[in-house]
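Chemist: The structure that follows is given in the form of structure tokens.
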Amino acid sequence: MTIGETAPTSAAGTDSGSTSTASAGTGEMSTATTSTGTGTATGTSPVPTVRTPPGRSPVRVLELFGQSQRYAWGSATAIPELLGVPADGEPVAELWLGTHPQAPAEVVEPAPRPRAADLGARRAAADLVGELPFLLKVLAADKALSLQVHPDLDQARAGFDADQAAGIALGDPRRRYRDRNHKPELIVALTPFRALAGIRAPATTLAIARGLGHPGLIAAFAPLATDPTGGATQVLRSLLTLPAQAGVDLAAGVVSAAERVPADADAELRRAADLVRLLAATHPGDVGIAAALLLNDVTLQPGEGLFQPARLLHAYIQGVGIEIMATSDNVLRGGLTPKHIDVNELLRILDPRPTGAPVLRPRTLTTGPGGLLRTWVVPVDDFSLREAVCTGGPVSLANPSILLAVEGEVEVSGTDGSGTALAPMTLSRGCSALVTGSATLRLTGTGRVFAAGPPV
């Protein structure tokens, strides 16, 4: 896929660079984790003298090396293309940029007395900034991820403690909660990005079932008619507890029905048939193909975001995006996966009420002749995601933790909290950086840079 242009922004606000805000592992069938240099970061010359008060570590902007995750659902080309490295034909699903212990990013620290051949040493980013409460990713999906739900904070704490008390090891595939944190997440599309999110209006789902005409599917979805508010729980329980062969037969029947949908059918039915065919190509015989029809089916345009709060059933289907989430591995799965499914626990934490898909348009924070700064407002205090769109600059950015350039080339300079100048760095496409403390950055050049950090 080619990373595309962004969607139009919302009208410029009056903010001055800030916004008020009201598990990490998403992969199936992991095959490898690889340390990956994210582009080429270059220092500019001359470098200003940085004087740091006694007892205080200097704030620095350092080149960051993320970790690639090779899950089977990933794209073989999208992330290598972003990083400017040759593709090897194997899928690369995610690039992790953070301090998550499963795949911690590293920084390059310049040597005290640099020589031409001395590029500095690598060390864990967490050594300099501690454990970040969020994880920034590039996500590139060629195949659908699992249907899944994340717990809220209270559910995560209680669930983790219950698993501990039951003596279920963290590495046991039956383990439901791997930490005591919640896992809200936001994805912003870089290419058209198809996703399922939230239980859709029951009348629409029932119409799709009737349009497909498969008796088993119509019967499975019948509770939506008698209980529009909570019927999705009954539907999922009946589907996910089917005997194995009955589930395979139902999935096959739904696929056959989708193949018979005529080209002149209404748009909702044609889109549902397309989804069924897409899921069947990568998850043949999985009853999750039927369960997926419960959800809103949306395609984000570049620049649009999708927020996944706690208890919302969702799945990413296809596309490339920037994702940020609270640092957690808590995922309860509900289909489209070979991994363990705890039906009772999934349904206990699921919110079965119909809802629209939580699609977000970007909110402009600042704008000027040199570019703009925008964000996607989310109702959590675990992270913020902003994007600087530079058309020459400068664009000012306060207190980011991680930077990722996805287009062009931008020089990063600025000052720390005491007004001390930072050594500048140039970020080219695919390059990322860690900011080791509080700072106000100044971005100049032409390009796009995503900035992850705490709420601002």
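Chain labels follow the order of the structure tokens: the first chain is A, the next B, and so on; residue numbering restarts at 1 in every chain, and ligands are counted from 1 in their shown order.
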Can you tell me, as an NGL selection string, which residues in range 212-404 of chain A count as strand (DSSP E or B) by DSSP?
Modeler: :A and (295-300 or 305-308 or 314-326 or 332-333 or 354 or 359-360 or 363-368 or 371-375 or 384-398 or 402-404)
Chemist: Report as CSV the residues of range 169-272 of chain A within 12 Å of range 393-415 of chain A, each with its shortest atom pair and distance in Å (one decimal), using only C-alpha atoms, ordered by chain and increasing residue number.
Modeler:
```
residue,atom,partner,partner_atom,distance
A:Ala189,CA,A:Val406,CA,11.9
A:Leu190,CA,A:Val406,CA,9.0
A:Thr191,CA,A:Val406,CA,11.9
```
Chemist: Distance CA of Val138 in chain A-CA of Thr99 in chain A, one decimal place?
Modeler: 14.9 Å
Chemist: Could you check how far CA of Arg363 in chain A sits from CA of Thr436 in chain A, in Å to one decimal?
Modeler: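 Separation between CA of Arg363 in chain A and CA of Thr436 in chain A: 26.6 Å.
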Chemist: Among the residues of range 97-199 of chain A, find those DSSP assigns to helix (DSSP H, G or I) from the backbone and print them as JSON, numbers by chain.
Modeler: {"A": [126, 127, 128, 129, 153, 154, 155, 156, 157, 158, 159, 160, 161, 162, 163, 164, 165]}
Chemist: Keeping N, CA, C and O atoms for every residue in the selection just given, could you write it to a file as a tab-separated table (two decimals), in the first residue's frame?
Modeler:
```tsv
chain	number	residue	atom	x	y	z
A	126	ALA	N	13.76	3.09	27.88
A	126	ALA	CA	13.27	3.15	29.26
A	126	ALA	C	14.34	3.57	30.24
A	126	ALA	O	14.03	4.11	31.31
A	127	ASP	N	15.61	3.36	29.91
A	127	ASP	CA	16.69	3.81	30.80
A	127	ASP	C	16.69	5.31	30.96
A	127	ASP	O	17.16	5.83	31.98
A	128	LEU	N	16.19	6.02	29.95
A	128	LEU	CA	16.23	7.48	29.97
A	128	LEU	C	14.92	8.11	30.39
A	128	LEU	O	14.91	9.21	30.95
A	129	VAL	N	13.80	7.46	30.10
A	129	VAL	CA	12.50	8.09	30.38
A	129	VAL	C	11.61	7.24	31.28
A	129	VAL	O	10.48	7.64	31.59
A	153	LEU	N	-10.69	-0.33	33.45
A	153	LEU	CA	-9.63	-0.42	34.45
A	153	LEU	C	-10.03	-1.33	35.62
A	153	LEU	O	-9.23	-2.17	36.07
A	154	ASP	N	-11.25	-1.19	36.10
A	154	ASP	CA	-11.69	-2.03	37.22
A	154	ASP	C	-11.75	-3.50	36.80
A	154	ASP	O	-11.35	-4.39	37.56
A	155	GLN	N	-12.24	-3.76	35.60
A	155	GLN	CA	-12.31	-5.14	35.12
A	155	GLN	C	-10.92	-5.74	34.96
A	155	GLN	O	-10.69	-6.91	35.28
A	156	ALA	N	-9.96	-4.95	34.48
A	156	ALA	CA	-8.60	-5.44	34.29
A	156	ALA	C	-7.96	-5.80	35.63
A	156	ALA	O	-7.31	-6.84	35.77
A	157	ARG	N	-8.15	-4.94	36.62
A	157	ARG	CA	-7.55	-5.20	37.94
A	157	ARG	C	-8.15	-6.44	38.57
A	157	ARG	O	-7.42	-7.32	39.08
A	158	ALA	N	-9.49	-6.53	38.54
A	158	ALA	CA	-10.14	-7.70	39.14
A	158	ALA	C	-9.79	-8.97	38.37
A	158	ALA	O	-9.55	-10.03	38.97
A	159	GLY	N	-9.75	-8.89	37.04
A	159	GLY	CA	-9.45	-10.06	36.24
A	159	GLY	C	-8.03	-10.55	36.43
A	159	GLY	O	-7.78	-11.76	36.51
A	160	PHE	N	-7.09	-9.61	36.50
A	160	PHE	CA	-5.70	-10.00	36.72
A	160	PHE	C	-5.55	-10.69	38.07
A	160	PHE	O	-4.89	-11.74	38.18
A	161	ASP	N	-6.15	-10.11	39.09
A	161	ASP	CA	-6.05	-10.71	40.43
A	161	ASP	C	-6.69	-12.09	40.46
A	161	ASP	O	-6.18	-13.01	41.12
A	162	ALA	N	-7.81	-12.27	39.74
A	162	ALA	CA	-8.47	-13.58	39.71
A	162	ALA	C	-7.60	-14.61	39.01
A	162	ALA	O	-7.49	-15.77	39.47
A	163	ASP	N	-6.96	-14.23	37.90
A	163	ASP	CA	-6.07	-15.16	37.21
A	163	ASP	C	-4.87	-15.52	38.08
A	163	ASP	O	-4.41	-16.67	38.07
A	164	GLN	N	-4.36	-14.54	38.80
A	164	GLN	CA	-3.24	-14.81	39.70
A	164	GLN	C	-3.66	-15.80	40.80
A	164	GLN	O	-2.95	-16.75	41.10
A	165	ALA	N	-4.83	-15.54	41.38
A	165	ALA	CA	-5.30	-16.40	42.46
A	165	ALA	C	-5.56	-17.83	41.97
A	165	ALA	O	-5.39	-18.80	42.72
```
Chemist: Set the distance at 12 Å and use only C-alpha atoms: which residues neighbour Leu242 in chain A once local chain neighbours fewer than 3 positions away are removed? I'd like the list as a list in words.
Modeler: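 The residues that qualify are Gly216, Ala220, Val235, Leu236, Arg237, Ser238, Leu239, Gln245, Ala246, Gly247, Val248, Asp249, Leu250, Ala251, Asp286, Val287, Gly288 and Val343 of chain A.
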Chemist: Could you dump the residues just selected with C-alpha atoms as a short mmCIF file (atom, residue, chain, number, x, y, z; two decimals), in the first residue's frame?
Modeler:
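Okay, this is what ended up in selection.cif:
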```cif
data_model
loop_
_atom_site.label_atom_id
_atom_site.label_comp_id
_atom_site.auth_asym_id
_atom_site.auth_seq_id
_atom_site.Cartn_x
_atom_site.Cartn_y
_atom_site.Cartn_z
CA GLY A 216 -28.96 -20.63 10.33
CA ALA A 220 -28.80 -16.94 15.21
CA VAL A 235 -26.21 -13.91 19.47
CA LEU A 236 -22.52 -14.14 20.33
CA ARG A 237 -23.08 -16.81 22.95
CA SER A 238 -25.01 -19.00 20.50
CA LEU A 239 -22.39 -18.55 17.76
CA GLN A 245 -18.26 -28.67 12.97
CA ALA A 246 -21.54 -26.77 13.29
CA GLY A 247 -19.54 -23.52 13.39
CA VAL A 248 -17.61 -24.51 10.27
CA ASP A 249 -20.85 -25.43 8.49
CA LEU A 250 -22.52 -22.13 9.44
CA ALA A 251 -19.52 -20.14 8.22
CA ASP A 286 -14.30 -19.50 11.44
CA VAL A 287 -17.69 -18.75 13.01
CA GLY A 288 -16.37 -15.23 13.58
CA VAL A 343 -16.80 -16.93 25.90
#
```
Chemist: What does the distance from CA of Val456 in chain A to CA of Ser57 in chain A come to in Å, to one decimal?
Modeler: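 Calculated distance between CA of Val456 in chain A and CA of Ser57 in chain A is 22.5 Å.
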Chemist: Please determine, counting only C-alpha atoms, which residue among A:Ser328, A:Arg70, A:Val59, A:Leu97 has the shortest atom-to-atom distance to Gly430 in chain A.
Modeler: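 Nearest to Gly430 in chain A: A:Leu97.
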Chemist: Which neighbours of Thr375 in chain A fall inside 7 Å, counting only C-alpha atoms, when residues of the same chain fewer than 5 positions from it are skipped, and could you give them as an mmCIF file with C-alpha atoms, in the first residue's frame?
Modeler:
```
data_model
loop_
_atom_site.group_PDB
_atom_site.id
_atom_site.type_symbol
_atom_site.label_atom_id
_atom_site.label_comp_id
_atom_site.auth_asym_id
_atom_site.auth_seq_id
_atom_site.Cartn_x
_atom_site.Cartn_y
_atom_site.Cartn_z
ATOM 1 C CA PRO A 362 -8.856 15.664 13.426
ATOM 2 C CA ARG A 363 -9.135 18.864 15.430
ATOM 3 C CA THR A 364 -6.810 21.689 14.403
ATOM 4 C CA LEU A 385 -1.560 11.919 19.633
ATOM 5 C CA ARG A 386 -0.802 14.994 17.562
ATOM 6 C CA GLU A 387 0.363 15.505 14.006
#
```
Chemist: May I ask which of the residues A:Gly453, A:Pro202, A:Pro91, A:Gly356 is the closest one to His314 in chain A, counting only C-alpha atoms?
Modeler: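 That would be A:Gly356, the residue with the smallest distance to His314 in chain A.
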